[in-house]
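Chemist: What follows is coords11.txt, compact mmCIF, N, CA and C atoms.
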```txt
# COMPACT_ATOMS: atom_id res chain seq x y z
N VAL A 1134 0.86 -1.17 0.00
CA VAL A 1134 0.00 0.00 0.00
C VAL A 1134 0.90 1.23 0.00
N THR A 1135 0.50 2.22 -0.79
CA THR A 1135 1.31 3.43 -0.90
C THR A 1135 0.42 4.68 -0.98
N THR A 1136 1.02 5.81 -0.71
CA THR A 1136 0.34 7.09 -0.90
C THR A 1136 0.71 7.72 -2.24
N THR A 1137 1.54 7.04 -3.01
CA THR A 1137 1.98 7.52 -4.32
C THR A 1137 0.94 7.18 -5.39
N ASN A 1138 0.46 8.16 -6.11
CA ASN A 1138 -0.44 8.00 -7.26
C ASN A 1138 -1.78 7.32 -6.99
N PRO A 1139 -2.46 7.60 -5.90
CA PRO A 1139 -3.79 7.01 -5.75
C PRO A 1139 -4.77 7.61 -6.76
N TYR A 1140 -5.76 6.83 -7.14
CA TYR A 1140 -6.82 7.35 -7.99
C TYR A 1140 -7.73 8.27 -7.19
N GLU A 1141 -8.03 7.83 -5.96
CA GLU A 1141 -8.96 8.54 -5.09
C GLU A 1141 -8.49 8.36 -3.66
N GLY A 1142 -8.62 9.37 -2.84
CA GLY A 1142 -8.24 9.26 -1.44
C GLY A 1142 -6.73 9.34 -1.26
N ARG A 1143 -6.23 8.71 -0.20
CA ARG A 1143 -4.81 8.81 0.16
C ARG A 1143 -3.99 7.59 -0.22
N TYR A 1144 -4.61 6.42 -0.39
CA TYR A 1144 -3.85 5.19 -0.56
C TYR A 1144 -4.28 4.41 -1.80
N CYS A 1145 -3.39 3.58 -2.29
CA CYS A 1145 -3.69 2.61 -3.34
C CYS A 1145 -2.72 1.45 -3.20
N MET A 1146 -2.98 0.38 -3.94
CA MET A 1146 -2.02 -0.73 -4.00
C MET A 1146 -1.02 -0.45 -5.11
N LYS A 1147 0.22 -0.83 -4.90
CA LYS A 1147 1.27 -0.66 -5.90
C LYS A 1147 2.11 -1.93 -5.93
N SER A 1148 2.42 -2.40 -7.14
CA SER A 1148 3.30 -3.57 -7.23
C SER A 1148 4.64 -3.25 -6.58
N SER A 1149 5.29 -4.27 -6.07
CA SER A 1149 6.49 -4.04 -5.26
C SER A 1149 7.78 -4.56 -5.89
N ASN A 1150 7.76 -4.88 -7.18
CA ASN A 1150 8.94 -5.49 -7.79
C ASN A 1150 9.57 -4.61 -8.87
N GLU A 1151 9.47 -3.28 -8.74
CA GLU A 1151 10.06 -2.44 -9.76
C GLU A 1151 11.57 -2.66 -9.85
N ASN A 1152 12.04 -2.69 -11.11
CA ASN A 1152 13.46 -2.89 -11.45
C ASN A 1152 14.02 -4.22 -10.95
N GLN A 1153 13.17 -5.19 -10.69
CA GLN A 1153 13.60 -6.53 -10.28
C GLN A 1153 13.17 -7.50 -11.38
N HIS A 1154 14.05 -7.72 -12.32
CA HIS A 1154 13.73 -8.53 -13.50
C HIS A 1154 13.39 -9.97 -13.14
N SER A 1155 12.54 -10.57 -13.95
CA SER A 1155 12.10 -11.97 -13.79
C SER A 1155 11.41 -12.20 -12.45
N THR A 1156 10.58 -11.24 -12.01
CA THR A 1156 9.85 -11.38 -10.74
C THR A 1156 8.37 -11.09 -10.95
N THR A 1157 7.59 -11.47 -9.95
CA THR A 1157 6.15 -11.24 -9.96
C THR A 1157 5.74 -10.67 -8.61
N SER A 1158 4.88 -9.65 -8.66
CA SER A 1158 4.30 -9.06 -7.47
C SER A 1158 2.80 -9.28 -7.55
N TYR A 1159 2.17 -9.74 -6.46
CA TYR A 1159 0.73 -9.97 -6.52
C TYR A 1159 0.10 -9.92 -5.14
N ILE A 1160 -1.22 -9.74 -5.15
CA ILE A 1160 -2.03 -9.89 -3.95
C ILE A 1160 -3.15 -10.85 -4.34
N GLU A 1161 -3.51 -11.76 -3.43
CA GLU A 1161 -4.40 -12.86 -3.78
C GLU A 1161 -5.41 -13.16 -2.67
N PRO A 1162 -6.43 -12.31 -2.52
CA PRO A 1162 -7.45 -12.57 -1.50
C PRO A 1162 -8.50 -13.57 -1.95
N ALA A 1163 -9.14 -14.20 -0.99
CA ALA A 1163 -10.26 -15.12 -1.25
C ALA A 1163 -11.57 -14.39 -0.96
N VAL A 1164 -12.60 -14.70 -1.74
CA VAL A 1164 -13.93 -14.16 -1.50
C VAL A 1164 -14.93 -15.30 -1.51
N ASN A 1165 -16.05 -15.12 -0.83
CA ASN A 1165 -17.13 -16.10 -0.84
C ASN A 1165 -18.43 -15.33 -1.05
N ASN A 1166 -18.95 -15.41 -2.27
CA ASN A 1166 -20.16 -14.65 -2.63
C ASN A 1166 -21.40 -15.51 -2.49
N SER A 1167 -22.43 -14.95 -1.85
CA SER A 1167 -23.71 -15.66 -1.74
C SER A 1167 -24.48 -15.62 -3.06
N SER A 1168 -24.06 -14.71 -3.96
CA SER A 1168 -24.66 -14.62 -5.29
C SER A 1168 -23.61 -14.05 -6.24
N GLU A 1169 -23.88 -14.11 -7.53
CA GLU A 1169 -22.98 -13.53 -8.52
C GLU A 1169 -22.80 -12.03 -8.24
N LYS A 1170 -21.58 -11.55 -8.32
CA LYS A 1170 -21.27 -10.14 -8.04
C LYS A 1170 -20.42 -9.57 -9.18
N ASN A 1171 -20.38 -8.26 -9.25
CA ASN A 1171 -19.44 -7.58 -10.14
C ASN A 1171 -18.31 -7.03 -9.29
N ILE A 1172 -17.11 -7.04 -9.84
CA ILE A 1172 -15.97 -6.40 -9.19
C ILE A 1172 -15.49 -5.30 -10.12
N SER A 1173 -15.20 -4.15 -9.54
CA SER A 1173 -14.64 -3.05 -10.33
C SER A 1173 -13.45 -2.48 -9.57
N PHE A 1174 -12.50 -1.97 -10.32
CA PHE A 1174 -11.34 -1.31 -9.73
C PHE A 1174 -10.71 -0.40 -10.78
N TYR A 1175 -9.88 0.50 -10.32
CA TYR A 1175 -9.15 1.40 -11.21
C TYR A 1175 -7.71 0.92 -11.31
N LEU A 1176 -7.18 0.92 -12.53
CA LEU A 1176 -5.81 0.47 -12.79
C LEU A 1176 -5.02 1.57 -13.48
N LYS A 1177 -3.78 1.76 -13.06
CA LYS A 1177 -2.81 2.62 -13.74
C LYS A 1177 -1.55 1.78 -13.91
N ALA A 1178 -1.00 1.77 -15.11
CA ALA A 1178 0.25 1.03 -15.37
C ALA A 1178 1.28 1.98 -15.95
N SER A 1179 2.51 1.76 -15.59
CA SER A 1179 3.64 2.51 -16.14
C SER A 1179 4.78 1.52 -16.28
N SER A 1180 4.85 0.88 -17.47
CA SER A 1180 5.78 -0.25 -17.62
C SER A 1180 6.30 -0.37 -19.05
N GLU A 1181 7.21 -1.29 -19.23
CA GLU A 1181 7.74 -1.60 -20.55
C GLU A 1181 6.63 -2.22 -21.39
N SER A 1182 6.24 -1.54 -22.44
CA SER A 1182 5.13 -1.98 -23.28
C SER A 1182 5.38 -3.36 -23.87
N ASN A 1183 4.36 -4.23 -23.76
CA ASN A 1183 4.37 -5.60 -24.28
C ASN A 1183 5.26 -6.58 -23.51
N TYR A 1184 5.90 -6.14 -22.42
CA TYR A 1184 6.80 -7.05 -21.70
C TYR A 1184 6.50 -7.14 -20.21
N ASP A 1185 6.40 -6.02 -19.52
CA ASP A 1185 6.11 -6.03 -18.08
C ASP A 1185 4.61 -5.77 -17.95
N LYS A 1186 3.86 -6.77 -17.45
CA LYS A 1186 2.40 -6.78 -17.64
C LYS A 1186 1.61 -6.94 -16.35
N PHE A 1187 0.47 -6.25 -16.31
CA PHE A 1187 -0.53 -6.40 -15.26
C PHE A 1187 -1.63 -7.34 -15.76
N THR A 1188 -2.07 -8.27 -14.90
CA THR A 1188 -3.20 -9.16 -15.22
C THR A 1188 -4.03 -9.36 -13.96
N PHE A 1189 -5.35 -9.41 -14.14
CA PHE A 1189 -6.27 -9.73 -13.05
C PHE A 1189 -6.85 -11.11 -13.32
N TYR A 1190 -6.83 -11.98 -12.29
CA TYR A 1190 -7.29 -13.37 -12.41
C TYR A 1190 -8.42 -13.65 -11.42
N ILE A 1191 -9.30 -14.56 -11.80
CA ILE A 1191 -10.22 -15.20 -10.87
C ILE A 1191 -9.95 -16.68 -10.98
N ASP A 1192 -9.59 -17.29 -9.85
CA ASP A 1192 -9.27 -18.73 -9.80
C ASP A 1192 -8.22 -19.09 -10.85
N ASN A 1193 -7.17 -18.26 -10.95
CA ASN A 1193 -6.03 -18.47 -11.87
C ASN A 1193 -6.40 -18.43 -13.34
N VAL A 1194 -7.55 -17.88 -13.68
CA VAL A 1194 -7.95 -17.67 -15.07
C VAL A 1194 -7.93 -16.16 -15.33
N ALA A 1195 -7.15 -15.73 -16.33
CA ALA A 1195 -7.04 -14.31 -16.65
C ALA A 1195 -8.39 -13.76 -17.08
N LYS A 1196 -8.84 -12.70 -16.42
CA LYS A 1196 -10.11 -12.06 -16.74
C LYS A 1196 -9.91 -10.66 -17.32
N ILE A 1197 -8.84 -9.98 -16.92
CA ILE A 1197 -8.51 -8.65 -17.43
C ILE A 1197 -7.02 -8.62 -17.70
N GLY A 1198 -6.66 -8.19 -18.90
CA GLY A 1198 -5.25 -8.07 -19.25
C GLY A 1198 -4.79 -9.26 -20.07
N PRO A 1199 -3.52 -9.32 -20.35
CA PRO A 1199 -2.49 -8.47 -19.75
C PRO A 1199 -2.49 -7.06 -20.34
N MET A 1200 -2.06 -6.10 -19.48
CA MET A 1200 -1.96 -4.70 -19.88
C MET A 1200 -0.55 -4.22 -19.54
N SER A 1201 -0.01 -3.38 -20.43
CA SER A 1201 1.34 -2.85 -20.21
C SER A 1201 1.46 -1.49 -20.87
N GLY A 1202 2.61 -0.86 -20.68
CA GLY A 1202 2.86 0.45 -21.28
C GLY A 1202 2.43 1.56 -20.34
N ASP A 1203 2.11 2.72 -20.93
CA ASP A 1203 1.69 3.87 -20.15
C ASP A 1203 0.17 3.96 -20.18
N VAL A 1204 -0.48 3.45 -19.14
CA VAL A 1204 -1.94 3.38 -19.05
C VAL A 1204 -2.40 4.29 -17.92
N SER A 1205 -3.13 5.35 -18.26
CA SER A 1205 -3.70 6.21 -17.22
C SER A 1205 -4.77 5.44 -16.47
N TYR A 1206 -5.12 5.92 -15.27
CA TYR A 1206 -6.15 5.23 -14.50
C TYR A 1206 -7.39 5.00 -15.36
N ARG A 1207 -7.86 3.76 -15.36
CA ARG A 1207 -9.10 3.42 -16.07
C ARG A 1207 -9.88 2.43 -15.23
N LEU A 1208 -11.20 2.53 -15.35
CA LEU A 1208 -12.10 1.64 -14.63
C LEU A 1208 -12.18 0.30 -15.36
N LEU A 1209 -11.98 -0.78 -14.62
CA LEU A 1209 -12.08 -2.13 -15.16
C LEU A 1209 -13.10 -2.90 -14.35
N GLU A 1210 -13.86 -3.78 -15.01
CA GLU A 1210 -14.92 -4.55 -14.34
C GLU A 1210 -15.00 -5.95 -14.89
N CYS A 1211 -15.42 -6.88 -14.05
CA CYS A 1211 -15.79 -8.22 -14.50
C CYS A 1211 -16.70 -8.85 -13.45
N THR A 1212 -17.24 -10.01 -13.78
CA THR A 1212 -18.18 -10.72 -12.92
C THR A 1212 -17.45 -11.78 -12.10
N VAL A 1213 -17.81 -11.87 -10.82
CA VAL A 1213 -17.31 -12.92 -9.93
C VAL A 1213 -18.49 -13.85 -9.65
N PRO A 1214 -18.40 -15.12 -10.06
CA PRO A 1214 -19.52 -16.05 -9.86
C PRO A 1214 -19.84 -16.28 -8.38
N GLN A 1215 -21.01 -16.82 -8.14
CA GLN A 1215 -21.42 -17.21 -6.78
C GLN A 1215 -20.43 -18.26 -6.26
N GLY A 1216 -20.18 -18.24 -4.96
CA GLY A 1216 -19.33 -19.24 -4.32
C GLY A 1216 -17.97 -18.70 -3.91
N SER A 1217 -17.07 -19.62 -3.57
CA SER A 1217 -15.72 -19.27 -3.10
C SER A 1217 -14.77 -19.14 -4.28
N HIS A 1218 -14.01 -18.05 -4.29
CA HIS A 1218 -13.09 -17.78 -5.40
C HIS A 1218 -11.85 -17.07 -4.88
N THR A 1219 -10.77 -17.21 -5.63
CA THR A 1219 -9.53 -16.50 -5.35
C THR A 1219 -9.33 -15.43 -6.42
N LEU A 1220 -9.18 -14.20 -5.97
CA LEU A 1220 -8.91 -13.07 -6.87
C LEU A 1220 -7.41 -12.82 -6.84
N LYS A 1221 -6.87 -12.35 -7.96
CA LYS A 1221 -5.43 -12.10 -8.00
C LYS A 1221 -5.13 -10.91 -8.91
N TRP A 1222 -4.47 -9.89 -8.32
CA TRP A 1222 -3.95 -8.75 -9.07
C TRP A 1222 -2.45 -8.99 -9.17
N GLU A 1223 -1.92 -9.05 -10.40
CA GLU A 1223 -0.52 -9.46 -10.60
C GLU A 1223 0.22 -8.51 -11.55
N TYR A 1224 1.47 -8.20 -11.21
CA TYR A 1224 2.37 -7.47 -12.10
C TYR A 1224 3.60 -8.34 -12.30
N ARG A 1225 3.84 -8.73 -13.55
CA ARG A 1225 4.92 -9.66 -13.88
C ARG A 1225 5.98 -8.96 -14.72
N LYS A 1226 7.23 -9.05 -14.27
CA LYS A 1226 8.37 -8.46 -14.97
C LYS A 1226 9.07 -9.51 -15.82
N ASP A 1227 9.49 -9.09 -17.02
CA ASP A 1227 10.27 -10.00 -17.86
C ASP A 1227 11.74 -9.97 -17.40
N SER A 1228 12.62 -10.56 -18.21
CA SER A 1228 14.01 -10.76 -17.79
C SER A 1228 14.93 -9.56 -18.00
N SER A 1229 14.43 -8.48 -18.62
CA SER A 1229 15.33 -7.33 -18.83
C SER A 1229 14.52 -6.05 -19.06
N HIS A 1230 15.19 -4.93 -18.96
CA HIS A 1230 14.68 -3.58 -19.23
C HIS A 1230 13.52 -3.17 -18.30
N SER A 1231 13.45 -1.87 -18.12
CA SER A 1231 12.38 -1.25 -17.34
C SER A 1231 12.05 0.09 -17.99
N ASN A 1232 10.77 0.43 -18.05
CA ASN A 1232 10.32 1.72 -18.56
C ASN A 1232 9.35 2.35 -17.58
N GLY A 1233 9.21 3.68 -17.66
CA GLY A 1233 8.26 4.38 -16.81
C GLY A 1233 8.57 4.16 -15.34
N ASN A 1234 7.51 4.09 -14.53
CA ASN A 1234 7.66 3.82 -13.09
C ASN A 1234 7.88 2.35 -12.82
N ASP A 1235 7.74 1.51 -13.85
CA ASP A 1235 7.95 0.07 -13.75
C ASP A 1235 7.06 -0.56 -12.68
N CYS A 1236 5.75 -0.23 -12.74
CA CYS A 1236 4.84 -0.79 -11.75
C CYS A 1236 3.40 -0.64 -12.22
N ALA A 1237 2.50 -1.21 -11.43
CA ALA A 1237 1.06 -1.05 -11.64
C ALA A 1237 0.44 -0.58 -10.32
N TYR A 1238 -0.59 0.26 -10.44
CA TYR A 1238 -1.33 0.77 -9.29
C TYR A 1238 -2.78 0.31 -9.40
N VAL A 1239 -3.38 -0.09 -8.28
CA VAL A 1239 -4.79 -0.49 -8.25
C VAL A 1239 -5.45 0.28 -7.12
N ASP A 1240 -6.64 0.82 -7.41
CA ASP A 1240 -7.34 1.62 -6.41
C ASP A 1240 -8.85 1.43 -6.53
N LYS A 1241 -9.54 1.77 -5.49
CA LYS A 1241 -11.02 1.79 -5.41
C LYS A 1241 -11.63 0.47 -5.86
N ILE A 1242 -11.26 -0.60 -5.19
CA ILE A 1242 -11.82 -1.93 -5.48
C ILE A 1242 -13.21 -2.01 -4.84
N ILE A 1243 -14.20 -2.37 -5.65
CA ILE A 1243 -15.57 -2.49 -5.15
C ILE A 1243 -16.16 -3.80 -5.66
N ILE A 1244 -16.72 -4.58 -4.75
CA ILE A 1244 -17.48 -5.77 -5.12
C ILE A 1244 -18.94 -5.43 -4.85
N HIS A 1245 -19.77 -5.48 -5.90
CA HIS A 1245 -21.16 -5.04 -5.78
C HIS A 1245 -22.10 -5.94 -6.56
```
Re-express the file's structure as structure tokens.

Modeler:
Amino acid sequence: VTTTNPYEGRYCMKSSNENQHSTTSYIEPAVNNSSEKNISFYLKASSESNYDKFTFYIDNVAKIGPMSGDVSYRLLECTVPQGSHTLKWEYRKDSSHSNGNDCAYVDKIIIH
């Protein structure tokens, strides 16, 4: 969690592996929905285009992304089925080079 570059408020999530080649930074919470829900969040990326990538997964299946390059904050949404699921926000670095801030930011996560 950082105070650098939030979309709204004072804090946002930021990947923690900038300039660390061949690494992955992620957060992976579990949810248990009594019914189908939508999840929305804001994403900002500043990375090496086509190489250092952000992806959002549900149960290890990519639902959003991969995204890379210079991406201003944008609203992203998808459906989370009823039941127990694992969500994963991931920033994966390739084996060389870094561009921009070399990270991804996630803010204002809402399950509704």

Chemist: CA of Glu1141 in chain A and CA of Ser1167 in chain A, how far apart in Å?

Modeler: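 Distance between the two atoms: 28.5 Å.
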
Chemist: To one decimal place, how far is atom N of Tyr1140 in chain A from atom C of Val1204 in chain A in Å?

Modeler: 11.6 Å

Chemist: Could you state the separation of atom N of Pro1139 in chain A and CA of Thr1157 in chain A in Å, given to one decimal place?

Modeler: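 According to the coordinates, atom N of Pro1139 in chain A and CA of Thr1157 in chain A are separated by 21.1 Å.
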
Chemist: Residues of chain A in strand (DSSP E) according to DSSP, as an NGL selection string?

Modeler: :A and (1146-1147 or 1157-1160 or 1163-1166 or 1170-1179 or 1186-1191 or 1194-1200 or 1203-1213 or 1216-1225 or 1236-1244)

Chemist: Which polymer residues, protein or nucleic acid, are no farther than 10 Å from (4.3, 8.6, -20.2), counting only C-alpha atoms, as a ChimeraX atom specification?

Modeler: /A:1178-1180,1202-1205,1232-1234

Chemist: Return the single residue from A:Ser1149, A:Thr1219, A:Ser1201, A:Thr1212 that is closest to Thr1188 in chain A, with distances computed using only C-alpha atoms.

Modeler: A:Ser1201

Chemist: Using all atoms listed in the file, find the one residue out of A:His1245, A:Ser1168, A:Tyr1238, A:Tyr1175 that sits nearest to Met1146 in chain A.

Modeler: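 Checking each candidate against Met1146 in chain A, we get A:Tyr1238 as the closest.
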
Chemist: Determine the nearest neighbour of Ile1243 in chain A from the options A:Ile1160, A:Val1134, A:Leu1209, A:Ile1172, counting all atoms listed in the file.

Modeler: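 Going through A:Ile1160, A:Val1134, A:Leu1209, A:Ile1172 one by one, the smallest distance to Ile1243 in chain A is for A:Ile1172.
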
Chemist: So that all listed atoms of range 1180-1193 of chain A fit with 4 Å spare on each side, what axis-aligned box centre and edge lengths in Å, to one decimal, would you give as lines of an AutoDock Vina configuration file?

Modeler:
```
center_x = -1.2
center_y = -9.1
center_z = -17.0
size_x = 26.0
size_y = 28.0
size_z = 22.5
```

Chemist: Using all atoms listed in the file for the distances, tell me which of A:Val1213, A:Leu1220, A:Ile1242, A:Ala1237 is nearest to Asn1166 in chain A.

Modeler: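 Closest to Asn1166 in chain A of all the choices is A:Val1213.
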
Chemist: Find the residue from A:Val1239, A:Glu1223, A:Glu1210, A:Ser1155 that sits nearest to Ser1173 in chain A; use all atoms listed in the file when measuring.

Modeler: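 Checking each of A:Val1239, A:Glu1223, A:Glu1210, A:Ser1155 against Ser1173 in chain A, counting all atoms listed in the file, the winner is A:Glu1210.
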
Chemist: My list of candidates is A:Pro1214, A:Ser1229, A:Pro1162, A:Cys1236. Which is closest to Lys1177 in chain A when distances are computed with only N, CA and C atoms?

Modeler: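 Checking each candidate against Lys1177 in chain A, we get A:Cys1236 as the closest.
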
Chemist: For Asn1165 in chain A, find every residue with an atom within 6 Å (counting all atoms listed in the file), except residues of its own chain fewer than 5 positions away, and show them as a PDB file with N, CA and C atoms, in the frame of the given file.

Modeler:
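Saved result, result.pdb, follows:
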```pdb
ATOM      1  N   GLY A1216     -20.180 -18.240  -4.960  1.00  0.00           N
ATOM      2  CA  GLY A1216     -19.330 -19.240  -4.320  1.00  0.00           C
ATOM      3  C   GLY A1216     -17.970 -18.700  -3.910  1.00  0.00           C
ATOM      4  N   SER A1217     -17.070 -19.620  -3.570  1.00  0.00           N
ATOM      5  CA  SER A1217     -15.720 -19.270  -3.100  1.00  0.00           C
ATOM      6  C   SER A1217     -14.770 -19.140  -4.280  1.00  0.00           C
ATOM      7  N   HIS A1218     -14.010 -18.050  -4.290  1.00  0.00           N
ATOM      8  CA  HIS A1218     -13.090 -17.780  -5.400  1.00  0.00           C
ATOM      9  C   HIS A1218     -11.850 -17.070  -4.880  1.00  0.00           C
TER      10      HIS A1218
END
```

Chemist: Quick one: everything within 8 Å of Trp1222 in chain A, counting only C-alpha atoms, minus sequence neighbours fewer than 3 positions away in the same chain. Send it as a tab-separated table (two decimals) with N, CA and C atoms, keeping the file's coordinate frame.

Modeler:
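Final file, around_23.tsv:
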```
chain	number	residue	atom	x	y	z
A	1159	TYR	N	2.17	-9.74	-6.46
A	1159	TYR	CA	0.73	-9.97	-6.52
A	1159	TYR	C	0.10	-9.92	-5.14
A	1160	ILE	N	-1.22	-9.74	-5.15
A	1160	ILE	CA	-2.03	-9.89	-3.95
A	1160	ILE	C	-3.15	-10.85	-4.34
A	1161	GLU	N	-3.51	-11.76	-3.43
A	1161	GLU	CA	-4.40	-12.86	-3.78
A	1161	GLU	C	-5.41	-13.16	-2.67
A	1187	PHE	N	0.47	-6.25	-16.31
A	1187	PHE	CA	-0.53	-6.40	-15.26
A	1187	PHE	C	-1.63	-7.34	-15.76
A	1188	THR	N	-2.07	-8.27	-14.90
A	1188	THR	CA	-3.20	-9.16	-15.22
A	1188	THR	C	-4.03	-9.36	-13.96
A	1189	PHE	N	-5.35	-9.41	-14.14
A	1189	PHE	CA	-6.27	-9.73	-13.05
A	1189	PHE	C	-6.85	-11.11	-13.32
A	1190	TYR	N	-6.83	-11.98	-12.29
A	1190	TYR	CA	-7.29	-13.37	-12.41
A	1190	TYR	C	-8.42	-13.65	-11.42
```

Chemist: So which residues touch Thr1156 in chain A within 7 Å, counting all atoms listed in the file, skipping near sequence neighbours fewer than 4 positions away, as a short mmCIF file (atom, residue, chain, number, x, y, z; two decimals) with N, CA and C atoms, keeping the file's coordinate frame?

Modeler:
```
data_model
loop_
_atom_site.label_atom_id
_atom_site.label_comp_id
_atom_site.auth_asym_id
_atom_site.auth_seq_id
_atom_site.Cartn_x
_atom_site.Cartn_y
_atom_site.Cartn_z
N ASN A 1150 7.76 -4.88 -7.18
CA ASN A 1150 8.94 -5.49 -7.79
C ASN A 1150 9.57 -4.61 -8.87
N TYR A 1224 1.47 -8.20 -11.21
CA TYR A 1224 2.37 -7.47 -12.10
C TYR A 1224 3.60 -8.34 -12.30
N ARG A 1225 3.84 -8.73 -13.55
CA ARG A 1225 4.92 -9.66 -13.88
C ARG A 1225 5.98 -8.96 -14.72
N LYS A 1226 7.23 -9.05 -14.27
CA LYS A 1226 8.37 -8.46 -14.97
C LYS A 1226 9.07 -9.51 -15.82
N ASP A 1227 9.49 -9.09 -17.02
CA ASP A 1227 10.27 -10.00 -17.86
C ASP A 1227 11.74 -9.97 -17.40
N SER A 1228 12.62 -10.56 -18.21
CA SER A 1228 14.01 -10.76 -17.79
C SER A 1228 14.93 -9.56 -18.00
#
```

Chemist: Mind completing range 1162-1175 of chain A with N, CA, C and O atoms? Output as an mmCIF file, in the coordinates of the input, please?

Modeler:
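This went into rebuild28.cif:
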```
data_model
loop_
_atom_site.group_PDB
_atom_site.id
_atom_site.type_symbol
_atom_site.label_atom_id
_atom_site.label_comp_id
_atom_site.auth_asym_id
_atom_site.auth_seq_id
_atom_site.Cartn_x
_atom_site.Cartn_y
_atom_site.Cartn_z
ATOM 1 N N PRO A 1162 -6.430 -12.310 -2.520
ATOM 2 C CA PRO A 1162 -7.450 -12.570 -1.500
ATOM 3 C C PRO A 1162 -8.500 -13.570 -1.950
ATOM 4 O O PRO A 1162 -8.732 -13.754 -3.147
ATOM 5 N N ALA A 1163 -9.140 -14.200 -0.990
ATOM 6 C CA ALA A 1163 -10.260 -15.120 -1.250
ATOM 7 C C ALA A 1163 -11.570 -14.390 -0.960
ATOM 8 O O ALA A 1163 -11.630 -13.555 -0.049
ATOM 9 N N VAL A 1164 -12.600 -14.700 -1.740
ATOM 10 C CA VAL A 1164 -13.930 -14.160 -1.500
ATOM 11 C C VAL A 1164 -14.930 -15.300 -1.510
ATOM 12 O O VAL A 1164 -14.684 -16.354 -2.117
ATOM 13 N N ASN A 1165 -16.050 -15.120 -0.830
ATOM 14 C CA ASN A 1165 -17.130 -16.100 -0.840
ATOM 15 C C ASN A 1165 -18.430 -15.330 -1.050
ATOM 16 O O ASN A 1165 -18.922 -14.680 -0.130
ATOM 17 N N ASN A 1166 -18.950 -15.410 -2.270
ATOM 18 C CA ASN A 1166 -20.160 -14.650 -2.630
ATOM 19 C C ASN A 1166 -21.400 -15.510 -2.490
ATOM 20 O O ASN A 1166 -21.446 -16.622 -2.998
ATOM 21 N N SER A 1167 -22.430 -14.950 -1.850
ATOM 22 C CA SER A 1167 -23.710 -15.660 -1.740
ATOM 23 C C SER A 1167 -24.480 -15.620 -3.060
ATOM 24 O O SER A 1167 -25.416 -16.377 -3.260
ATOM 25 N N SER A 1168 -24.060 -14.710 -3.960
ATOM 26 C CA SER A 1168 -24.660 -14.620 -5.290
ATOM 27 C C SER A 1168 -23.610 -14.050 -6.240
ATOM 28 O O SER A 1168 -22.568 -13.562 -5.808
ATOM 29 N N GLU A 1169 -23.880 -14.110 -7.530
ATOM 30 C CA GLU A 1169 -22.980 -13.530 -8.520
ATOM 31 C C GLU A 1169 -22.800 -12.030 -8.240
ATOM 32 O O GLU A 1169 -23.771 -11.347 -7.931
ATOM 33 N N LYS A 1170 -21.580 -11.550 -8.320
ATOM 34 C CA LYS A 1170 -21.270 -10.140 -8.040
ATOM 35 C C LYS A 1170 -20.420 -9.570 -9.180
ATOM 36 O O LYS A 1170 -19.818 -10.321 -9.949
ATOM 37 N N ASN A 1171 -20.380 -8.260 -9.250
ATOM 38 C CA ASN A 1171 -19.440 -7.580 -10.140
ATOM 39 C C ASN A 1171 -18.310 -7.030 -9.290
ATOM 40 O O ASN A 1171 -18.520 -6.611 -8.156
ATOM 41 N N ILE A 1172 -17.110 -7.040 -9.840
ATOM 42 C CA ILE A 1172 -15.970 -6.400 -9.190
ATOM 43 C C ILE A 1172 -15.490 -5.300 -10.120
ATOM 44 O O ILE A 1172 -15.438 -5.484 -11.340
ATOM 45 N N SER A 1173 -15.200 -4.150 -9.540
ATOM 46 C CA SER A 1173 -14.640 -3.050 -10.330
ATOM 47 C C SER A 1173 -13.450 -2.480 -9.570
ATOM 48 O O SER A 1173 -13.384 -2.547 -8.341
ATOM 49 N N PHE A 1174 -12.500 -1.970 -10.320
ATOM 50 C CA PHE A 1174 -11.340 -1.310 -9.730
ATOM 51 C C PHE A 1174 -10.710 -0.400 -10.780
ATOM 52 O O PHE A 1174 -10.977 -0.533 -11.975
ATOM 53 N N TYR A 1175 -9.880 0.500 -10.320
ATOM 54 C CA TYR A 1175 -9.150 1.400 -11.210
ATOM 55 C C TYR A 1175 -7.710 0.920 -11.310
ATOM 56 O O TYR A 1175 -7.096 0.562 -10.301
#
```
